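Engineer: Handing you a structure now.
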Amino acid sequence: MAQILFYLFAAFTIASAAGVVANKNAVNAAMCLLLSLVGVAGLFVQLDAYLLAFLLLLVYAGAVVALFLFIVMLLDTKSRASASFKKLPMFASLVAFGLLLAGLGTFVTRGQLESRPLHAVPALGANLKLYAYQLFTTYLLPVQVIGFLLLIAMLGVIVLSKKYDGPEDA
Amino acid sequence: MFDFFFQLHPVIQGTAKGLAVILVIFPFAGACSLAERKVSAWMQGRPGPNRAIVPWIAWVPFLGKFLQRLGVFHLMADGAKFLFKEEPLPGHVNKLYFVLAPVVAMMPAFTTVAVVPFGAYFDPAGRLIPLALANVDVGLLAVFAVSSLGVYSLILAGWASNSKYPFLGGVRASAQLISYELSMTLSVLPVFLWINAPGQPGTMSLVKAVEFQSGAGLHWSGVWFGFLMPLSALIFLVSLYAETNRHPFDMAESESDLVGGFHTEYGAFKWSLFFVAEYSHMIIGSGVFTLLFLGGWNPLPGLPLATVAGWLGLAGTPLLVALLSLAVFLGKIVFLLFLFMWVRWTVPRFRYDQVMKLGWQKLLPLSIANLVFYALGIAFLERG
Amino acid sequence: MAVIPLVRPTLTLLERTYLPQIASGLKTTLKHIFSPNVTLEYPEQRPAIPPGYRGVPTLVMDPNGREKCVSCQLCEFVCPPKAIRITPGEIPADAPTGHVEKAPQAFDIDMLRCIYCGLCQEVCPEEAIFLQNQYSMSGYTRAEMVNHKDRLYELGGTLPDSHHKWDKKLAAEKSGPAH
Ligand code: SF4
Ligand code: SF4
């Protein structure tokens, strides 16, 4: 039962992720992204990581994709002819894809991951307290770095969107 | 008594629960729509809907007339009307999303019901057993997460309608919902700071929140969180109004400037689904507010369910205790629903810039300050 | 021009939270819930018509049962939306009211056109047409919405008359020349 559900959700997630890439219509792509996030949340639920699942839904599905949609609709991408692939980005993405594959390959073939039985894996995402504890101890540095990144991004947005009150405007 | 139910196949159990949710929420939401019309009528010095009557009930001498005046049959008339009306599908819409939007509107509404405990009873050992379809530890988070998906119905409806006013309504709604989600989440944090004492596994469970308001007698543990944290409750309530798109925050609909907002192009059954979804959101929002700030199924502050059940001599019969708790809980929800309507017919609609200003410049800093204050306060209390 | 400097009241912190205002508003609406209804339940309860009300235009008879309209067609000409259509007719000379000479053969008022302006009543030299208390006109067809002569008299009924102009004229004729 669990096995079947896992494959179902995994296939669903991957299919909708492919939909994100393949869809020309930006709204459809965003909806596919939403579906794929829901699929990932389903996978988390199967791992008993309810907390992660719901956080994913709350933050990404509930807010981030909604903002994507919002922007897509405001920009109205329909009127623009969809750009065909250019050489350089195509090349770059191929390289990135290759790197990703290589990385995954090494992970699978020579990874140090011993597959422990499921109950022995500490379910850090399952419990609010464990999760918070890990965030503030083991992963404190990444959290701080990401926080700074977000702060910088936010400041950048504020600077960019603020009206320039220089001599040109006056 | 209900043992046979728990021996059924899980799939059948799930289906039964789902059906139960639909069978309860739909009429409840319908009743809300009727209550809304009645309340608005009374506030405006009108009798409200009072005509429809089923012939053979009209023959009942006194009751028939009374029910007719109360307008209960309008409920049935409305339901039948929506079911049998022609389903218009305008030619210029995006068919898939246009049809999908009302369905998406219903989904979060029906899903969140599952994790909201609506009553409780005591097993022979005296432990509290909550009545909920799924009593998960992340209760509140689940409600927030799933209900935050409700915004897609508005966006999709607005966008798929492919027409100016619905689009504006959808855009407004999505911006508003995302803005107020922040203050809403922050406002409940003090409650969970309070509940999650050090040395215990952390929880976001709504049942736990109620248990912490179930103290007996003149003791602070019996005080509801609404009195302990009035500011939190206020911020939560205001955000709740904004999240459910109710007056004075009904930017999505705002019929005076947007015709009908996101559902302008909708009619018949699809429209009524939006309607039901709005009321379901109200019901669930009121339920969560009750659990968090109004003591859940405890009849009065300092007078928990257990005490009252003891007085009435119900302690031995779990079914009666469950019914009592359900009645108390429903009573509070009904009051909150009335408050929703009361406010709607009292307060004029905000302008959109006011809504944004209130959300980002007033409520958000206030809720952060509130959180810091309670964090410090609770830390101090636990130290001392 | 006098300039009135407007001093905006400085709001206290409490007032700026907007909450006391909302509370007082809630109090007001709550009071209204328990106050009696102010509406009429229309088909069963009818409003009291104030004097001078301008309802549906009707034709009236004088207390002797004589139709007052002499089909002078002034109302037809004055009616702004051209709602009135009159076919003049003669009263046979041997009829009791033969001296009046004329009466409408047909008198139609199209209530889909009438704007209830009351000009017909204003202009009528015979005080034969009145806008009375009837305020509700409804029908399923356009034809139903045209009031014919008999219907107009049925709606109008008899109104008191202090002049009895035609009776006086008849009496004067009978008693010979006045001058
Ligand atoms: S109703 Fe009066 S104005 Fe009209 S035709 Fe008759 S007498 Fe003349
Ligand atoms: S009330 Fe005015 S519009 Fe109506 S019939 Fe008389 S003159 Fe014409």
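We name chains A, B, ... following the order of the structure tokens; residues begin at 1 in each chain, and ligands are numbered from 1 as shown.
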Could you list, as an mmCIF file with C-alpha atoms, in the first residue's frame, every residue within 12 Å of segment 51-63 of chain B, counting only C-alpha atoms and ignoring same-chain residues fewer than 4 positions away?

Structural biologist:
```cif
data_model
loop_
_atom_site.group_PDB
_atom_site.id
_atom_site.type_symbol
_atom_site.label_atom_id
_atom_site.label_comp_id
_atom_site.auth_asym_id
_atom_site.auth_seq_id
_atom_site.Cartn_x
_atom_site.Cartn_y
_atom_site.Cartn_z
ATOM 1 C CA PRO B 47 -38.751 41.284 8.248
ATOM 2 C CA LEU B 67 -41.382 28.630 10.183
ATOM 3 C CA GLN B 68 -42.617 30.557 7.202
ATOM 4 C CA ARG B 69 -42.010 33.861 8.946
ATOM 5 C CA LEU B 70 -38.550 32.628 9.864
ATOM 6 C CA GLY B 71 -37.865 31.974 6.212
ATOM 7 C CA VAL B 72 -36.479 28.470 6.597
ATOM 8 C CA PHE B 73 -38.115 27.311 3.402
ATOM 9 C CA HIS B 74 -36.266 29.924 1.412
ATOM 10 C CA LEU B 75 -33.227 27.827 2.162
ATOM 11 C CA MET B 76 -34.717 24.848 0.343
ATOM 12 C CA ALA B 77 -36.040 27.053 -2.423
ATOM 13 C CA ASP B 78 -32.603 28.571 -2.931
ATOM 14 C CA GLU C 41 -45.482 43.829 3.768
ATOM 15 C CA TYR C 42 -46.844 45.040 0.534
ATOM 16 C CA PRO C 43 -49.534 42.941 -0.978
ATOM 17 C CA GLU C 44 -51.200 42.420 2.390
#
```

Engineer: Residues up to 7 Å from ligand 2, counting only C-alpha atoms and all ligand atoms: could you list those as a list of chain:residue names?

Structural biologist: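 I would give the residues around ligand 2 as C:Pro57, C:Cys75, C:Val78, C:Cys79, C:Pro80, C:Pro81, C:Lys82, C:Ala83, C:Ile84, C:Ile109, C:Arg113, C:Cys114, C:Ile115, C:Tyr116, C:Cys117, C:Gly118, C:Leu119, C:Cys120, C:Gln121, C:Leu131.
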
Engineer: Taking only C-alpha atoms into account and nothing else, which residues of chain C lie no more than 8 Å away from chain B? Please answer as a PDB file with N, CA, C and O atoms, in the first residue's frame.

Structural biologist:
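The resulting part.pdb:
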```
ATOM      1  N   ILE C  22     -16.249  51.413  16.049  1.00  0.00           N
ATOM      2  CA  ILE C  22     -16.887  50.179  15.585  1.00  0.00           C
ATOM      3  C   ILE C  22     -17.824  49.650  16.659  1.00  0.00           C
ATOM      4  O   ILE C  22     -18.956  49.240  16.381  1.00  0.00           O
ATOM      5  N   GLY C  25     -20.904  51.571  16.668  1.00  0.00           N
ATOM      6  CA  GLY C  25     -21.706  51.188  15.511  1.00  0.00           C
ATOM      7  C   GLY C  25     -22.415  49.870  15.746  1.00  0.00           C
ATOM      8  O   GLY C  25     -23.588  49.709  15.428  1.00  0.00           O
ATOM      9  N   LEU C  26     -21.688  48.938  16.338  1.00  0.00           N
ATOM     10  CA  LEU C  26     -22.290  47.632  16.620  1.00  0.00           C
ATOM     11  C   LEU C  26     -23.463  47.791  17.578  1.00  0.00           C
ATOM     12  O   LEU C  26     -24.482  47.117  17.444  1.00  0.00           O
ATOM     13  N   THR C  29     -26.496  49.005  15.590  1.00  0.00           N
ATOM     14  CA  THR C  29     -27.160  47.987  14.785  1.00  0.00           C
ATOM     15  C   THR C  29     -27.843  46.954  15.671  1.00  0.00           C
ATOM     16  O   THR C  29     -28.898  46.454  15.333  1.00  0.00           O
ATOM     17  N   LEU C  30     -27.239  46.684  16.817  1.00  0.00           N
ATOM     18  CA  LEU C  30     -27.872  45.719  17.720  1.00  0.00           C
ATOM     19  C   LEU C  30     -29.220  46.253  18.191  1.00  0.00           C
ATOM     20  O   LEU C  30     -30.202  45.515  18.282  1.00  0.00           O
ATOM     21  N   LYS C  31     -29.256  47.564  18.473  1.00  0.00           N
ATOM     22  CA  LYS C  31     -30.511  48.164  18.899  1.00  0.00           C
ATOM     23  C   LYS C  31     -31.566  47.981  17.811  1.00  0.00           C
ATOM     24  O   LYS C  31     -32.727  47.711  18.094  1.00  0.00           O
ATOM     25  N   HIS C  32     -31.127  48.105  16.565  1.00  0.00           N
ATOM     26  CA  HIS C  32     -32.096  48.002  15.473  1.00  0.00           C
ATOM     27  C   HIS C  32     -32.639  46.598  15.313  1.00  0.00           C
ATOM     28  O   HIS C  32     -33.742  46.426  14.799  1.00  0.00           O
ATOM     29  N   ILE C  33     -31.862  45.612  15.733  1.00  0.00           N
ATOM     30  CA  ILE C  33     -32.370  44.248  15.642  1.00  0.00           C
ATOM     31  C   ILE C  33     -33.638  44.101  16.462  1.00  0.00           C
ATOM     32  O   ILE C  33     -34.591  43.445  16.060  1.00  0.00           O
ATOM     33  N   PHE C  34     -33.650  44.772  17.613  1.00  0.00           N
ATOM     34  CA  PHE C  34     -34.783  44.581  18.510  1.00  0.00           C
ATOM     35  C   PHE C  34     -35.857  45.642  18.339  1.00  0.00           C
ATOM     36  O   PHE C  34     -36.873  45.605  19.018  1.00  0.00           O
ATOM     37  N   SER C  35     -35.608  46.612  17.461  1.00  0.00           N
ATOM     38  CA  SER C  35     -36.653  47.605  17.257  1.00  0.00           C
ATOM     39  C   SER C  35     -37.610  47.099  16.183  1.00  0.00           C
ATOM     40  O   SER C  35     -37.243  46.273  15.353  1.00  0.00           O
ATOM     41  N   PRO C  36     -38.873  47.591  16.215  1.00  0.00           N
ATOM     42  CA  PRO C  36     -39.869  47.042  15.284  1.00  0.00           C
ATOM     43  C   PRO C  36     -39.527  47.359  13.840  1.00  0.00           C
ATOM     44  O   PRO C  36     -38.811  48.311  13.548  1.00  0.00           O
ATOM     45  N   ASN C  37     -40.044  46.529  12.961  1.00  0.00           N
ATOM     46  CA  ASN C  37     -39.793  46.720  11.541  1.00  0.00           C
ATOM     47  C   ASN C  37     -40.467  47.984  11.040  1.00  0.00           C
ATOM     48  O   ASN C  37     -41.525  48.365  11.529  1.00  0.00           O
ATOM     49  N   VAL C  38     -39.848  48.600  10.068  1.00  0.00           N
ATOM     50  CA  VAL C  38     -40.419  49.817   9.522  1.00  0.00           C
ATOM     51  C   VAL C  38     -41.012  49.598   8.140  1.00  0.00           C
ATOM     52  O   VAL C  38     -41.567  50.502   7.552  1.00  0.00           O
ATOM     53  N   THR C  39     -40.913  48.382   7.634  1.00  0.00           N
ATOM     54  CA  THR C  39     -41.390  48.152   6.277  1.00  0.00           C
ATOM     55  C   THR C  39     -42.834  47.685   6.271  1.00  0.00           C
ATOM     56  O   THR C  39     -43.348  47.169   7.263  1.00  0.00           O
TER      57      THR C  39
END
```

Engineer: What residues have any atom no more than 8 Å from ligand 1 when counting only C-alpha atoms and all ligand atoms, and can you list them as a list in words?

Structural biologist: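 Answer in the requested format: Leu59, Lys68, Cys69, Val70, Ser71, Cys72, Gln73, Leu74, Cys75, Glu76, Ile86, Ala103, Pro104, Cys120, Gln121, Val123, Cys124, Pro125, Glu126, Glu127, Ala128 and Ile129 of chain C.
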
Engineer: Please report as an MDAnalysis selection string which residues of chain A come no farther than 12 Å from chain B, using only C-alpha atoms.

Structural biologist: chainID A and resid 27:28 30:31 34:35 37:38 41 45 48:74 76 125:133

Engineer: Find the spatial neighbours of Phe225 of chain B, counting only C-alpha atoms, within a cut-off of 9 Å - ignore same-chain residues fewer than 6 positions away - and output them as a list in words.

Structural biologist: Val191, Ala209, Phe212, Gln213, Ser232, Ala233, Leu292, Phe293, Leu294 and Gly295 of chain B

Engineer: Just list the residues in chain C DSSP gives strand (DSSP E or B) on the backbone, as a PyMOL selection string.

Structural biologist: chain C and resi 57-59+61+67+84-90+102-110+129-131+146-147+158

Engineer: Run DSSP on the backbone and tell me which residues of segment 19-168 of chain C come out as alpha helix (DSSP H); list them as a PyMOL selection string.

Structural biologist: chain C and resi 19-34+74-78+119-123+149-156+165-168

Engineer: Find the spatial neighbours of segment 240-246 of chain B, counting only C-alpha atoms, within a cut-off of 9 Å - ignore same-chain residues fewer than 2 positions away - and output them as a ChimeraX atom specification.

Structural biologist: /B:148,173,176-178,180-181,184,235-238,248-253,278-279,281-282,285-286,289,340-341,344,355

Engineer: Please list as a PyMOL selection string every residue within 12 Å of Val321 of chain B, counting only C-alpha atoms and excluding residues in the same chain fewer than 2 positions away.

Structural biologist: chain B and resi 119-123+126+128-131+297-298+304-319+323-328

Engineer: Quick one, how far is atom CA of Ala2 of chain A from atom CA of Val108 of chain A?

Structural biologist: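 Rounded to one decimal, the two atoms are 23.1 Å apart.
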